[in-house]
Amino acid sequence: MQIIKTVSSMQDYTLKMKSSGNDIGFVPTMGYLHEGHESLLQKAREENDILIASIFVNPLQFGPNEDFEKYPRNEQHDIEIAEKNGIDVLFMPPVEEMYPRELGITIQAVDRIDVLCGKSRPGHFDGVVTVLTKLFHLTLPDNVYFGIKDAQQVAVVDRLIKDHNFPIQLHMLETIREEDGLAKSSRNVYLTEQERNEAPSLSKSLQLAQEKIFDGEKNPAIIVNEVKNYINTHTTGKIDYIEILRFPSLKPITEVDQQVIIAVAVQFSQARLIDNIILMPDGTSSPVLG
């Protein structure tokens, strides 16, 4: 495995690999790798000649009161995980390499951003699409891999790829969970013992919503209320949002009559957790990008 830290070296490598006819798979991450990331790496390894992963905590997607400095980092651990999963190149640029000067031309996300996490994080997805545009140009992937836990990000990346004609296939993989159902997340380390015991209630509330749809409930307001009551009863966290939207367009609905996402966010004392489930009108789950 090679570790590359400069833009020029990354460009040289990918141009060489592409000229040799290799398919490139790319997994962008912010590090502190866990089993969720590993599932992406393993899938990408199976499907591509060359596997590139990036570790870059992108300052542009953090607001002024968010946790950029506190975001968990463990470089040696990440290198070990990368080697274990057969990565060809681990791209680990410093901030000054990715942003050597103030940006004179910016990229703005305007669709699929004013709901879910984007509603309370203005500018967040501008930072996401900016860094991904740079990373896509540097790694020249044929295939990119994202976890559906960050479903809004997947929806925004889908628009980025389609709107700007990137010759890239976007793959979304199922959320990897702990044995008790809690979605794997780098932020889980900030939960207290009590909060960690409560946190699986997010996934259980989504299962409850799925059962309601299985049973024929089509009214989003009724489903949201069931989820809200369950989370309030079983956790001490503060609900940030519970939303049911079309997926991947993330538009409001008045009836569950097409593919939807049911998404929740709950703020605990030191960690904000998100989770979601994507369902067809009959309650089955087989998410697709339109």
# chains A, B, ... in the order shown; residues from 1 in each chain; ligands from 1
$ residues_around --residues "range 215-221 of chain A" --least-positions-apart "6" --cutoff "9 Å" --atoms "only C-alpha atoms" --output "PyMOL selection string"
chain A and resi 243-245+253-257+281-283
$ residues_around --residues "Arg187 in chain A" --least-positions-apart "5" --cutoff "9 Å" --atoms "only C-alpha atoms" --output "list in words"
Tyr71, Pro72, Gln270, Ala271, Arg272 and Leu273 of chain A
$ residues_around --residues "Gly36 in chain A" --least-positions-apart "2" --cutoff "10 Å" --atoms "only C-alpha atoms" --output "ChimeraX atom specification"
/A:33-34,38-41,146-147,149,173-178,183-186
$ write_last_selection --atoms "N, CA and C atoms" --output "mmCIF file, in the first residue's frame"
data_model
loop_
_atom_site.group_PDB
_atom_site.id
_atom_site.type_symbol
_atom_site.label_atom_id
_atom_site.label_comp_id
_atom_site.auth_asym_id
_atom_site.auth_seq_id
_atom_site.Cartn_x
_atom_site.Cartn_y
_atom_site.Cartn_z
ATOM 1 N N LEU A 33 -11.533 5.088 10.984
ATOM 2 C CA LEU A 33 -12.241 4.056 10.234
ATOM 3 C C LEU A 33 -12.825 2.975 11.147
ATOM 4 N N HIS A 34 -14.028 2.527 10.803
ATOM 5 C CA HIS A 34 -14.704 1.469 11.557
ATOM 6 C C HIS A 34 -15.299 0.473 10.561
ATOM 7 N N GLU A 38 -15.108 -0.223 6.461
ATOM 8 C CA GLU A 38 -14.533 -1.454 5.938
ATOM 9 C C GLU A 38 -15.456 -2.135 4.935
ATOM 10 N N SER A 39 -16.756 -2.068 5.172
ATOM 11 C CA SER A 39 -17.692 -2.676 4.225
ATOM 12 C C SER A 39 -17.604 -1.996 2.864
ATOM 13 N N LEU A 40 -17.406 -0.677 2.856
ATOM 14 C CA LEU A 40 -17.231 0.052 1.600
ATOM 15 C C LEU A 40 -15.933 -0.357 0.912
ATOM 16 N N LEU A 41 -14.863 -0.445 1.704
ATOM 17 C CA LEU A 41 -13.565 -0.814 1.144
ATOM 18 C C LEU A 41 -13.594 -2.223 0.557
ATOM 19 N N PHE A 146 -20.397 4.953 -0.989
ATOM 20 C CA PHE A 146 -20.857 5.678 0.192
ATOM 21 C C PHE A 146 -21.831 4.804 0.969
ATOM 22 N N GLY A 147 -21.864 4.998 2.276
ATOM 23 C CA GLY A 147 -22.831 4.303 3.114
ATOM 24 C C GLY A 147 -24.141 5.066 3.163
ATOM 25 N N LYS A 149 -26.112 5.355 5.539
ATOM 26 C CA LYS A 149 -26.395 6.029 6.809
ATOM 27 C C LYS A 149 -26.411 7.543 6.617
ATOM 28 N N LEU A 173 -24.177 1.625 -0.038
ATOM 29 C CA LEU A 173 -24.198 0.370 0.694
ATOM 30 C C LEU A 173 -24.974 0.515 1.991
ATOM 31 N N GLU A 174 -25.533 -0.592 2.444
ATOM 32 C CA GLU A 174 -26.351 -0.601 3.650
ATOM 33 C C GLU A 174 -25.553 -0.158 4.873
ATOM 34 N N THR A 175 -26.256 0.399 5.836
ATOM 35 C CA THR A 175 -25.650 0.821 7.095
ATOM 36 C C THR A 175 -25.146 -0.389 7.870
ATOM 37 N N ILE A 176 -23.935 -0.287 8.376
ATOM 38 C CA ILE A 176 -23.374 -1.332 9.231
ATOM 39 C C ILE A 176 -23.698 -0.984 10.678
ATOM 40 N N ARG A 177 -24.177 -1.982 11.419
ATOM 41 C CA ARG A 177 -24.696 -1.731 12.762
ATOM 42 C C ARG A 177 -23.999 -2.589 13.812
ATOM 43 N N GLU A 178 -24.055 -2.103 15.043
ATOM 44 C CA GLU A 178 -23.652 -2.916 16.178
ATOM 45 C C GLU A 178 -24.674 -4.039 16.371
ATOM 46 N N ALA A 183 -26.303 2.264 14.625
ATOM 47 C CA ALA A 183 -25.506 2.489 13.423
ATOM 48 C C ALA A 183 -24.074 2.847 13.800
ATOM 49 N N LYS A 184 -23.119 2.212 13.125
ATOM 50 C CA LYS A 184 -21.715 2.522 13.368
ATOM 51 C C LYS A 184 -21.436 3.985 13.020
ATOM 52 N N SER A 185 -20.714 4.657 13.900
ATOM 53 C CA SER A 185 -20.375 6.064 13.664
ATOM 54 C C SER A 185 -19.147 6.425 14.465
ATOM 55 N N SER A 186 -18.312 7.286 13.892
ATOM 56 C CA SER A 186 -17.141 7.770 14.615
ATOM 57 C C SER A 186 -17.534 8.547 15.860
#
$ closest_residue --among "A:Ser201, A:Gln152, A:Asn229, A:Thr6" --to "Arg246 in chain A" --atoms "only C-alpha atoms"
A:Gln152
$ closest_residue --among "A:Ile274, A:Ile231, A:Ile52, A:Ile239" --to "Ile24 in chain A" --atoms "only C-alpha atoms"
A:Ile52
$ atom_distance --atom1 "CA of Val227 in chain A" --atom2 "CA of Asp150 in chain A"
19.1 Å
$ closest_residue --among "A:Tyr241, A:Phe247, A:Phe26, A:Phe166" --to "Asn143 in chain A" --atoms "only C-alpha atoms"
A:Phe26
$ residues_around --residues "Glu66 in chain A" --least-positions-apart "3" --cutoff "12 Å" --atoms "only C-alpha atoms" --output "list in words"
Pro59, Leu60, Gln61, Phe62, Gly63, Glu69, Lys70, Tyr71, Ser120, Arg121, Pro122, His124, Gln270, Ala271 and Arg272 of chain A
$ residues_around --residues "Gly21 in chain A" --least-positions-apart "3" --cutoff "12 Å" --atoms "only C-alpha atoms" --output "number ranges by chain"
A: 14-18, 24, 48-50, 142
$ closest_residue --among "A:Leu250, A:Leu206, A:Ile55, A:Val144" --to "Ile113 in chain A" --atoms "only C-alpha atoms"
A:Leu250
$ closest_residue --among "A:Ile168, A:Ile262, A:Leu208, A:Val7" --to "Glu97 in chain A" --atoms "only C-alpha atoms"
A:Val7
$ closest_residue --among "A:Asp275, A:Asp163, A:Asp78, A:Asp12" --to "Glu35 in chain A" --atoms "only C-alpha atoms"
A:Asp78
$ residues_around --residues "Asn74 in chain A" --least-positions-apart "2" --cutoff "6 Å" --atoms "only C-alpha atoms" --output "ChimeraX atom specification"
/A:32,76-77
$ atom_distance --atom1 "CA of Val57 in chain A" --atom2 "CA of Leu289 in chain A"
26.7 Å
$ select_by_dssp --residues "range 28-196 of chain A" --states "strand (DSSP E or B)" --output "list in words"
Pro28, Thr29, Ile50, Leu51, Ile52, Ala53, Ser54, Ile55, Val89, Leu90, Phe91, Asn143, Val144, Tyr145, Phe146, Gly147, Gln169, Leu170, His171, Met172, Leu173, Arg177 and Ala183 of chain A
